[in-house]
>>> print(open('run_24.cif').read())   # mmCIF, C-alpha atoms
data_input
#
loop_
_atom_site.label_atom_id
_atom_site.label_comp_id
_atom_site.auth_asym_id
_atom_site.auth_seq_id
_atom_site.Cartn_x
_atom_site.Cartn_y
_atom_site.Cartn_z
CA MET A 1 0.00 0.00 0.00
CA ALA A 2 1.80 3.03 -1.22
CA ASN A 3 -0.12 5.49 0.88
CA SER A 4 -1.24 3.61 3.95
CA ASN A 5 -0.27 6.55 6.12
CA ARG A 6 -2.44 8.92 4.23
CA LYS A 7 -5.13 10.43 6.38
CA ILE A 8 -8.57 9.80 5.00
CA ALA A 9 -10.47 12.98 4.44
CA ALA A 10 -13.10 13.17 7.14
CA THR A 11 -15.72 14.07 4.58
CA GLY A 12 -15.15 11.09 2.33
CA ALA A 13 -17.63 8.22 2.27
CA LEU A 14 -15.99 4.87 2.96
CA TYR A 15 -16.69 1.50 1.42
CA LEU A 16 -16.07 -1.27 3.94
CA TYR A 17 -14.72 -4.61 2.66
CA GLY A 18 -14.32 -6.28 5.99
CA ILE A 19 -12.70 -6.23 9.37
CA SER A 20 -9.64 -8.03 10.63
CA GLU A 21 -7.96 -8.02 13.99
CA ALA A 22 -5.35 -5.36 14.65
CA PRO A 23 -1.81 -6.74 14.83
CA ALA A 24 -0.48 -7.14 18.36
CA ALA A 25 1.11 -4.00 19.76
CA GLY A 26 4.52 -3.33 18.24
CA LYS A 27 3.94 -5.86 15.47
CA LYS A 28 3.86 -4.66 11.91
CA PRO A 29 1.19 -5.95 9.57
CA ALA A 30 2.23 -8.79 7.29
CA ALA A 31 4.64 -7.70 4.59
CA GLY A 32 2.68 -9.18 1.74
CA LEU A 33 -0.03 -6.57 1.95
CA GLY A 34 1.92 -4.08 -0.09
CA LYS A 35 0.41 -5.19 -3.37
CA LEU A 36 -3.08 -5.22 -2.01
CA GLY A 37 -5.92 -3.21 -3.30
CA SER A 38 -4.51 -1.57 -6.36
CA VAL A 39 -8.09 -1.65 -7.52
CA GLY A 40 -10.54 -0.16 -5.07
CA ILE A 41 -14.23 -0.88 -5.26
CA ASP A 42 -14.73 2.16 -7.49
CA GLY A 43 -11.69 1.43 -9.64
CA VAL A 44 -10.14 4.72 -8.57
CA HIS A 45 -9.32 4.95 -4.89
CA ALA A 46 -6.81 2.79 -3.06
CA VAL A 47 -7.70 0.21 -0.45
CA GLN A 48 -6.39 0.90 3.01
CA PRO A 49 -6.48 -0.54 6.50
CA LEU A 50 -8.05 1.86 8.96
CA PRO A 51 -7.07 1.16 12.58
CA CYS A 52 -10.06 0.95 14.87
CA GLY A 53 -9.24 -0.15 18.41
CA ASP A 54 -8.76 -3.90 18.40
CA PHE A 55 -9.62 -4.06 14.72
CA LEU A 56 -8.45 -3.07 11.29
CA CYS A 57 -11.15 -1.95 8.89
CA TRP A 58 -10.36 -2.53 5.22
CA VAL A 59 -11.81 0.45 3.43
CA CYS A 60 -11.72 2.39 0.22
CA GLU A 61 -12.80 5.97 -0.17
CA VAL A 62 -15.75 6.39 -2.50
CA ASP A 63 -17.50 9.36 -3.96
CA GLN A 64 -20.68 10.23 -2.11
CA ALA A 65 -22.72 11.22 -5.12
CA SER A 66 -21.61 8.81 -7.82
CA PHE A 67 -21.00 5.76 -5.63
CA ALA A 68 -22.52 5.89 -2.15
CA ASN A 69 -25.87 7.33 -3.17
CA ALA A 70 -26.11 5.00 -6.14
CA VAL A 71 -25.37 1.71 -4.35
CA GLU A 72 -28.95 0.83 -3.63
CA ARG A 73 -30.08 1.42 -7.19
CA ASN A 74 -27.03 -0.33 -8.59
CA MET A 75 -27.75 -3.45 -6.58
CA GLU A 76 -30.39 -4.16 -9.16
CA ASN A 77 -28.03 -3.66 -12.07
CA LEU A 78 -26.49 -6.99 -12.92
CA GLU A 79 -23.55 -5.62 -14.79
CA TRP A 80 -22.64 -3.30 -11.92
CA LEU A 81 -23.19 -6.08 -9.42
CA ALA A 82 -20.94 -8.46 -11.29
CA LEU A 83 -18.04 -6.07 -11.72
CA HIS A 84 -18.16 -4.72 -8.18
CA GLY A 85 -18.78 -8.12 -6.67
CA VAL A 86 -15.57 -9.33 -8.26
CA ARG A 87 -13.65 -6.27 -7.07
CA HIS A 88 -15.00 -6.83 -3.56
CA GLN A 89 -13.88 -10.45 -3.64
CA GLN A 90 -10.41 -9.54 -4.93
CA VAL A 91 -9.68 -7.43 -1.89
CA VAL A 92 -11.39 -9.58 0.73
CA GLY A 93 -9.66 -12.62 -0.74
CA GLU A 94 -6.24 -10.98 -0.64
CA VAL A 95 -6.65 -9.95 2.98
CA ALA A 96 -7.91 -13.43 3.86
CA GLU A 97 -4.65 -14.89 2.55
CA GLN A 98 -2.81 -12.95 5.23
CA MET A 99 -5.15 -12.88 8.19
CA THR A 100 -8.64 -13.69 9.31
CA ILE A 101 -11.15 -11.27 7.87
CA VAL A 102 -14.81 -10.91 8.68
CA PRO A 103 -16.24 -9.76 5.36
CA ALA A 104 -18.71 -6.91 5.44
CA ARG A 105 -21.95 -7.22 3.59
CA PHE A 106 -21.39 -6.44 -0.03
CA GLY A 107 -22.25 -2.80 -0.65
CA THR A 108 -21.64 -1.46 2.84
CA VAL A 109 -20.82 2.25 2.73
CA PHE A 110 -20.33 4.59 5.66
CA SER A 111 -20.79 8.33 5.44
CA GLY A 112 -17.32 8.86 6.86
CA GLU A 113 -14.64 7.71 9.22
CA PRO A 114 -16.40 8.71 12.47
CA ALA A 115 -19.55 6.78 11.55
CA LEU A 116 -17.52 3.70 10.64
CA LEU A 117 -15.43 3.74 13.79
CA LYS A 118 -18.46 4.22 15.99
CA ASP A 119 -20.31 1.36 14.33
CA VAL A 120 -17.42 -1.08 14.53
CA GLN A 121 -16.63 -0.27 18.12
CA GLY A 122 -20.29 -0.79 18.99
CA ARG A 123 -20.06 -4.36 17.67
CA LYS A 124 -16.88 -5.23 19.47
CA ALA A 125 -18.29 -8.13 21.47
CA ALA A 126 -20.18 -9.65 18.54
CA LEU A 127 -17.16 -9.29 16.27
CA LYS A 128 -14.87 -11.02 18.75
CA LYS A 129 -17.22 -13.98 18.83
CA VAL A 130 -17.29 -14.17 15.04
CA PHE A 131 -13.49 -14.01 14.83
CA ALA A 132 -13.22 -16.85 17.29
CA ARG A 133 -15.58 -18.93 15.17
CA VAL A 134 -14.15 -18.34 11.69
CA ALA A 135 -10.43 -18.17 12.49
CA GLY A 136 -8.47 -20.95 10.84
CA GLY A 137 -11.31 -21.92 8.56
CA ASP A 138 -12.18 -21.49 4.90
CA GLU A 139 -15.51 -21.38 3.20
CA TRP A 140 -16.13 -24.05 0.54
CA GLY A 141 -19.00 -24.45 -1.84
CA VAL A 142 -20.15 -27.92 -2.85
CA LYS A 143 -22.56 -28.70 -5.67
CA VAL A 144 -23.93 -32.00 -6.86
CA PHE A 145 -25.12 -32.35 -10.43
CA ALA A 146 -26.96 -35.21 -12.08
CA GLU A 147 -24.92 -36.82 -14.83
CA ARG A 148 -27.43 -37.32 -17.56
CA GLN A 149 -27.71 -37.38 -21.27
CA ALA A 150 -28.53 -33.92 -22.44
CA THR A 151 -32.26 -33.44 -22.48
CA PRO A 152 -33.47 -33.65 -26.06
CA ILE A 153 -34.15 -30.23 -27.46
CA SER A 154 -37.88 -29.66 -27.57
CA VAL A 155 -39.41 -30.50 -30.90
CA THR A 156 -41.14 -27.24 -31.47
CA GLU A 157 -38.95 -24.27 -32.10
CA ALA A 158 -39.67 -21.27 -29.93
CA ARG A 159 -41.53 -18.63 -31.84
CA SER A 160 -40.92 -15.89 -29.33
CA GLY A 161 -38.63 -14.98 -26.50
CA LYS A 162 -41.35 -15.80 -24.05
CA GLU A 163 -41.92 -19.20 -25.57
CA TYR A 164 -38.21 -19.92 -25.45
CA LEU A 165 -38.12 -19.07 -21.77
CA GLN A 166 -41.17 -21.21 -21.10
CA GLN A 167 -39.56 -24.16 -22.83
CA LYS A 168 -36.37 -23.61 -20.94
CA ALA A 169 -38.28 -23.44 -17.68
CA ALA A 170 -40.04 -26.71 -18.51
CA ARG A 171 -36.69 -28.39 -19.12
CA LEU A 172 -35.32 -27.08 -15.84
CA LYS A 173 -38.33 -28.45 -14.01
CA LYS A 174 -37.53 -31.95 -15.20
CA ARG A 175 -34.60 -32.04 -12.87
CA PRO A 176 -33.96 -35.33 -11.14
CA GLU A 177 -34.77 -36.05 -7.54
CA ARG A 178 -33.35 -33.71 -5.00
CA ASN A 179 -32.65 -34.24 -1.40
CA ASP A 180 -32.73 -38.02 -1.51
CA ARG A 181 -31.05 -40.18 1.08
CA GLU A 182 -27.67 -40.22 -0.64
CA LEU A 183 -27.55 -36.46 -0.79
CA GLN A 184 -28.43 -36.31 2.86
CA GLU A 185 -25.59 -38.71 3.57
CA LEU A 186 -23.16 -36.41 1.78
CA ALA A 187 -24.48 -33.42 3.70
CA MET A 188 -24.02 -35.26 6.95
CA ALA A 189 -20.53 -36.52 6.10
CA LEU A 190 -19.39 -33.02 5.19
CA GLY A 191 -21.22 -31.51 8.12
CA ARG A 192 -19.32 -33.70 10.56
CA ILE A 193 -16.03 -32.24 9.34
CA ALA A 194 -17.14 -28.65 8.89
CA THR A 195 -17.73 -26.29 11.76
CA GLY A 196 -20.65 -24.67 10.01
CA SER A 197 -22.88 -24.92 6.99
CA ALA A 198 -25.15 -22.53 5.17
CA PRO A 199 -27.49 -22.68 2.21
CA SER A 200 -26.04 -21.22 -0.96
CA GLY A 201 -26.84 -20.61 -4.56
CA LYS A 202 -28.75 -17.36 -4.45
CA VAL A 203 -27.27 -16.55 -7.81
CA SER A 204 -26.39 -19.83 -9.49
CA GLY A 205 -29.33 -21.83 -8.15
CA ALA A 206 -30.88 -22.28 -11.58
CA GLN A 207 -28.00 -24.21 -13.11
CA PRO A 208 -29.34 -27.15 -15.06
CA ASN A 209 -29.19 -30.58 -13.42
CA LEU A 210 -28.15 -29.14 -10.09
CA LEU A 211 -29.40 -31.48 -7.40
CA TRP A 212 -28.04 -29.99 -4.25
CA GLN A 213 -25.66 -27.34 -3.02
CA ALA A 214 -24.43 -25.97 0.25
CA THR A 215 -21.63 -23.91 1.72
CA PHE A 216 -19.39 -25.11 4.52
CA LEU A 217 -16.90 -23.61 6.92
CA VAL A 218 -14.01 -26.04 7.01
CA PRO A 219 -11.10 -25.83 9.46
CA ARG A 220 -7.82 -25.76 7.51
CA ALA A 221 -6.51 -28.45 9.84
CA LYS A 222 -9.20 -30.81 8.57
CA ARG A 223 -8.57 -30.45 4.86
CA LYS A 224 -7.43 -34.05 4.45
CA GLN A 225 -10.62 -35.41 6.00
CA TRP A 226 -12.68 -33.00 3.93
CA ASP A 227 -11.02 -34.11 0.69
CA GLN A 228 -11.39 -37.75 1.67
CA ALA A 229 -15.08 -37.39 2.40
CA LEU A 230 -15.62 -35.82 -1.01
CA LYS A 231 -13.53 -38.50 -2.67
CA ASN A 232 -15.69 -41.22 -1.15
CA PHE A 233 -18.78 -39.77 -2.76
CA VAL A 234 -17.07 -39.02 -6.06
CA GLU A 235 -16.19 -42.70 -6.34
CA ARG A 236 -19.56 -43.90 -5.17
CA TRP A 237 -21.42 -41.71 -7.64
CA GLU A 238 -19.17 -42.07 -10.65
CA GLY A 239 -21.22 -41.84 -13.80
CA GLN A 240 -24.38 -40.86 -11.93
CA ARG A 241 -23.61 -37.69 -10.11
CA ARG A 242 -20.89 -35.14 -10.44
CA ILE A 243 -19.53 -33.14 -7.52
CA GLU A 244 -18.21 -29.64 -8.03
CA VAL A 245 -16.25 -27.88 -5.34
CA ASN A 246 -15.31 -24.22 -5.20
CA GLY A 247 -13.06 -22.53 -2.69
CA PRO A 248 -11.36 -21.62 -0.53
CA TRP A 249 -13.37 -18.47 0.11
CA PRO A 250 -13.26 -15.96 2.93
CA PRO A 251 -16.04 -16.83 5.40
CA TYR A 252 -18.73 -14.76 3.66
CA SER A 253 -21.58 -17.01 4.68
CA PHE A 254 -20.68 -17.37 8.34
CA VAL A 255 -20.47 -13.85 9.70
CA SER A 256 -23.95 -12.43 9.50
CA ASP A 257 -24.46 -12.47 13.25
CA ALA A 258 -21.90 -9.68 13.58
CA GLU A 259 -24.38 -7.33 12.00
CA MET B 1 -3.65 -23.03 -2.23
CA GLY B 2 -4.36 -19.50 -1.18
CA HIS B 3 -7.44 -17.41 -1.35
CA GLY B 4 -6.14 -15.70 -4.44
CA LEU B 5 -6.30 -18.98 -6.31
CA ARG B 6 -9.84 -20.05 -5.93
CA THR B 7 -10.73 -23.01 -7.96
CA ARG B 8 -13.74 -24.75 -9.19
CA LEU B 9 -13.27 -28.40 -9.84
CA SER B 10 -15.52 -30.98 -11.24
CA LEU B 11 -14.25 -33.80 -9.15
CA MET B 12 -13.24 -36.97 -10.89
CA PRO B 13 -11.72 -39.90 -9.03
CA ASN B 14 -8.41 -39.18 -10.75
CA ASP B 15 -8.24 -35.69 -9.32
CA PHE B 16 -7.31 -37.14 -6.01
CA GLU B 17 -4.52 -39.23 -7.44
CA THR B 18 -2.84 -36.46 -9.38
CA LEU B 19 -3.34 -33.70 -6.87
CA GLU B 20 -2.40 -33.86 -3.27
CA THR B 21 -5.49 -31.98 -2.29
CA LEU B 22 -8.17 -30.34 -4.37
CA GLY B 23 -5.82 -28.56 -6.67
CA GLY B 24 -6.32 -25.66 -9.00
CA GLU B 25 -7.52 -26.15 -12.52
CA ASP B 26 -10.59 -24.27 -13.53
CA GLU B 27 -10.96 -20.64 -12.75
CA VAL B 28 -13.86 -20.06 -10.49
CA SER B 29 -16.78 -18.57 -12.33
CA LEU B 30 -18.46 -15.24 -11.83
CA LEU B 31 -21.56 -17.07 -10.68
CA GLU B 32 -19.65 -18.67 -7.88
CA ILE B 33 -18.04 -15.42 -6.84
CA LEU B 34 -21.41 -13.78 -6.58
CA ASP B 35 -22.90 -16.81 -4.85
CA HIS B 36 -20.44 -16.37 -2.05
CA VAL B 37 -20.03 -12.60 -2.00
CA LEU B 38 -23.77 -12.07 -1.95
CA ASN B 39 -24.37 -14.86 0.51
CA SER B 40 -23.17 -12.65 3.33
CA GLY B 41 -25.83 -10.96 5.30
CA VAL B 42 -29.13 -9.74 4.02
CA VAL B 43 -28.07 -7.36 1.32
CA ILE B 44 -29.82 -9.17 -1.50
CA HIS B 45 -32.58 -7.19 -3.06
CA GLY B 46 -35.90 -8.65 -3.96
CA SER B 47 -35.12 -7.88 -7.55
CA LEU B 48 -32.50 -10.58 -7.61
CA VAL B 49 -35.05 -13.34 -7.54
CA ILE B 50 -37.27 -11.94 -10.24
CA SER B 51 -38.20 -14.66 -12.61
CA LEU B 52 -39.89 -14.64 -15.95
CA ALA B 53 -41.76 -17.64 -17.27
CA GLY B 54 -40.34 -19.61 -14.36
CA VAL B 55 -36.73 -19.05 -15.34
CA ASP B 56 -34.28 -17.53 -12.97
CA LEU B 57 -33.53 -14.31 -14.77
CA VAL B 58 -30.44 -13.63 -12.78
CA TYR B 59 -28.86 -16.79 -14.02
CA LEU B 60 -29.60 -15.94 -17.62
CA GLY B 61 -28.66 -12.34 -17.07
CA LEU B 62 -25.34 -13.14 -15.52
CA ASN B 63 -24.42 -15.31 -18.43
CA VAL B 64 -25.11 -12.40 -20.66
CA VAL B 65 -23.01 -9.94 -18.69
CA LEU B 66 -20.22 -12.38 -18.05
CA THR B 67 -18.30 -11.45 -21.15
CA SER B 68 -18.43 -7.73 -20.59
CA VAL B 69 -17.35 -8.11 -16.99
CA GLU B 70 -14.44 -10.32 -17.92
CA THR B 71 -13.37 -7.76 -20.45
CA ALA B 72 -13.58 -5.06 -17.81
CA LEU B 73 -11.49 -7.10 -15.41
CA ASN B 74 -8.87 -7.84 -18.02
CA ASN B 75 -8.57 -4.15 -18.66
CA LEU B 76 -8.20 -3.55 -14.94
CA GLN B 77 -5.40 -6.08 -14.76
CA ILE B 78 -3.60 -4.52 -17.70
CA GLU B 79 -3.85 -1.12 -16.04
CA GLU B 80 -2.52 -2.55 -12.84
CA LYS B 81 0.50 -4.12 -14.51
CA ARG B 82 1.26 -0.88 -16.26
CA ARG B 83 1.16 0.92 -12.93
CA GLN B 84 3.53 -1.55 -11.34
CA LYS B 85 6.20 -1.01 -14.01
#
>>> encode(input="run_24.cif", output="structure tokens")
Amino acid sequence: MANSNRKIAATGALYLYGISEAPAAGKKPAAGLGKLGSVGIDGVHAVQPLPCGDFLCWVCEVDQASFANAVERNMENLEWLALHGVRHQQVVGEVAEQMTIVPARFGTVFSGEPALLKDVQGRKAALKKVFARVAGGDEWGVKVFAERQATPISVTEARSGKEYLQQKAARLKKRPERNDRELQELAMALGRIATGSAPSGKVSGAQPNLLWQATFLVPRAKRKQWDQALKNFVERWEGQRRIEVNGPWPPYSFVSDAE
Amino acid sequence: MGHGLRTRLSLMPNDFETLETLGGEDEVSLLEILDHVLNSGVVIHGSLVISLAGVDLVYLGLNVVLTSVETALNNLQIEEKRRQK
């Protein structure tokens, strides 16, 4: 961070990526953070760690009019959401490589430094609990797909966009059984290793042939067991079901009680 | 494997023989990024679950914007490299 000592203008609105714990007194932050945040959430301002008592808030200055006031409206704009969601993840992910971070809700903007500091300090107890829970763990997404011959394309060609969508919807509805006993067994096997689980797929939930998906918080120390549990099901289901895994992620899905 | 190298893997039995742990092959997709980023808290707007003719519009929509976003990100990376020189 070229300008980590720069004082943030008190008037500037601040985008909050997440919160990590302040390094112990006299200890410098990890060296690898220098490259972090060359792209702020707005593509202009730099990312910086803002000390806040026991915590470090990862922030980026944003323009009040063009960014802060437009966030709510932009949340409904897919293109904006996609680009900024990726920028958010880039920074949270980089911090997570160095230290535990409690990600903020995507799109969190404070009117200025005093408001941010007051808010974070007011959540001190809740934040400490969340840090204790997520430290040393990574978030993983697991999806199970049915392996099937591609559904035959419907005989009639769609004559309109609406008809096309209706046909597509009909195909999606023909998805195979969900939530059967074998899927429950997988969920239980993974759940025994993970320290937490959460539903997922708000965005990708409509993928074809998706049978089941969930998000887990997995202690790094248990990675071997985690991989083995997945392997068992991959072998058992070969040719019938396909497992897709994505991760490691910062613990996005396991911090909402710090709000 | 660090957080900067997120992966999405379709697991095949061989993956576990060639890779010590779930190794990195496929880049994680935009859908997955948003699945996780937007899974935090309650920020999701009602508009995100709009559906038309029973189809999840967001899924279709994100496929459509995927290309433009990837282009935007590539440009960002090029800019970044230029700045580092």
>>> residues_around(input="run_24.cif", residues="His36 (chain B)", least_positions_apart="2", cutoff="8 Å", atoms="all atoms listed in the file", output="PyMOL selection string")
(chain A and resi 200+249+252-253) or (chain B and resi 32-34+38-40)
>>> closest_residue(input="run_24.cif", among="A:Phe145, A:Phe216, A:Tyr15, A:Phe106", to="chain B", atoms="all atoms listed in the file")
A:Phe106
>>> closest_atom_pairs(input="run_24.cif", of="chain A", to="chain B", cutoff="7 Å", atoms="all atoms listed in the file", output="Markdown table")
| residue | atom | partner | partner_atom | distance |
| --- | --- | --- | --- | --- |
| A:Ser38 | CA | B:Glu80 | CA | 6.8 |
| A:Glu76 | CA | B:Ser47 | CA | 6.2 |
| A:Leu78 | CA | B:Leu62 | CA | 6.8 |
| A:Glu79 | CA | B:Val65 | CA | 5.8 |
| A:Ala82 | CA | B:Val69 | CA | 6.7 |
| A:Leu83 | CA | B:Val69 | CA | 5.7 |
| A:Gly85 | CA | B:Leu34 | CA | 6.2 |
| A:Val86 | CA | B:Ile33 | CA | 6.7 |
| A:Gln89 | CA | B:Val37 | CA | 6.7 |
| A:Gly93 | CA | B:His3 | CA | 5.3 |
| A:Glu94 | CA | B:Gly4 | CA | 6.1 |
| A:Ala96 | CA | B:His3 | CA | 6.6 |
| A:Glu97 | CA | B:His3 | CA | 5.4 |
| A:Arg105 | CA | B:Ser40 | CA | 5.6 |
| A:Phe106 | CA | B:Leu38 | CA | 6.4 |
| A:Leu165 | CA | B:Ala53 | CA | 6.0 |
| A:Gln166 | CA | B:Ala53 | CA | 5.3 |
| A:Ala169 | CA | B:Val55 | CA | 5.2 |
| A:Ser200 | CA | B:Asp35 | CA | 6.7 |
| A:Gly201 | CA | B:Asp35 | CA | 5.5 |
| A:Lys202 | CA | B:Asp35 | CA | 5.9 |
| A:Val203 | CA | B:Asp35 | CA | 5.3 |
| A:Ser204 | CA | B:Leu31 | CA | 5.7 |
| A:Ala206 | CA | B:Asp56 | CA | 6.0 |
| A:Asp227 | CA | B:Thr21 | CA | 6.6 |
| A:Lys231 | CA | B:Pro13 | CA | 6.8 |
| A:Val234 | CA | B:Pro13 | CA | 6.2 |
| A:Glu235 | CA | B:Pro13 | CA | 5.9 |
| A:Arg242 | CA | B:Ser10 | CA | 6.8 |
| A:Ile243 | CA | B:Leu11 | CA | 5.6 |
| A:Glu244 | CA | B:Ser10 | CA | 4.4 |
| A:Val245 | CA | B:Leu9 | CA | 5.4 |
| A:Asn246 | CA | B:Arg8 | CA | 4.3 |
| A:Gly247 | CA | B:Arg6 | CA | 5.2 |
| A:Pro248 | CA | B:His3 | CA | 5.8 |
| A:Trp249 | CA | B:His3 | CA | 6.2 |
| A:Tyr252 | CA | B:Ser40 | CA | 4.9 |
| A:Ser253 | CA | B:Ser40 | CA | 4.8 |
| A:Ser256 | CA | B:Gly41 | CA | 4.8 |
>>> closest_residue(input="run_24.cif", among="A:Pro250, A:Gly141, A:Gly161, A:Gly53", to="Gly122 (chain A)", atoms="all atoms listed in the file")
A:Gly53
>>> atom_distance(input="run_24.cif", atom1="CA of Phe233 (chain A)", atom2="CA of Ser197 (chain A)")
18.2 Å
>>> atom_distance(input="run_24.cif", atom1="CA of Pro49 (chain A)", atom2="CA of Arg123 (chain A)")
18.0 Å
>>> resolve_selection(input="run_24.cif", expression="the PyMOL selection byres ((chain A and resi 127) around 9)", output="VMD selection string")
chain A and resid 19 102 120 123 to 126 128 to 132 255 257 to 259
>>> atom_distance(input="run_24.cif", atom1="CA of Met75 (chain A)", atom2="CA of Val95 (chain A)")
24.1 Å
>>> closest_residue(input="run_24.cif", among="A:Gly18, A:Gly12, A:Pro103, A:Gly40", to="Ala115 (chain A)", atoms="only C-alpha atoms")
A:Gly12
>>> closest_residue(input="run_24.cif", among="A:Ser20, A:Asn74, A:Gln184, A:Gln48", to="Cys60 (chain A)", atoms="all atoms listed in the file")
A:Gln48
>>> residues_around(input="run_24.cif", residues="Asn69 (chain A)", least_positions_apart="6", cutoff="12 Å", atoms="all atoms listed in the file", output="ChimeraX atom specification")
/A:13-15,62-63,75,107-111
>>> write_last_selection(input="run_24.cif", atoms="C-alpha atoms", output="PDB file, keeping the file's coordinate frame")
ATOM      1  CA  ALA A  13     -17.630   8.220   2.270  1.00  0.00           C
ATOM      2  CA  LEU A  14     -15.990   4.870   2.960  1.00  0.00           C
ATOM      3  CA  TYR A  15     -16.690   1.500   1.420  1.00  0.00           C
ATOM      4  CA  VAL A  62     -15.750   6.390  -2.500  1.00  0.00           C
ATOM      5  CA  ASP A  63     -17.500   9.360  -3.960  1.00  0.00           C
ATOM      6  CA  MET A  75     -27.750  -3.450  -6.580  1.00  0.00           C
ATOM      7  CA  GLY A 107     -22.250  -2.800  -0.650  1.00  0.00           C
ATOM      8  CA  THR A 108     -21.640  -1.460   2.840  1.00  0.00           C
ATOM      9  CA  VAL A 109     -20.820   2.250   2.730  1.00  0.00           C
ATOM     10  CA  PHE A 110     -20.330   4.590   5.660  1.00  0.00           C
ATOM     11  CA  SER A 111     -20.790   8.330   5.440  1.00  0.00           C
TER      12      SER A 111
END
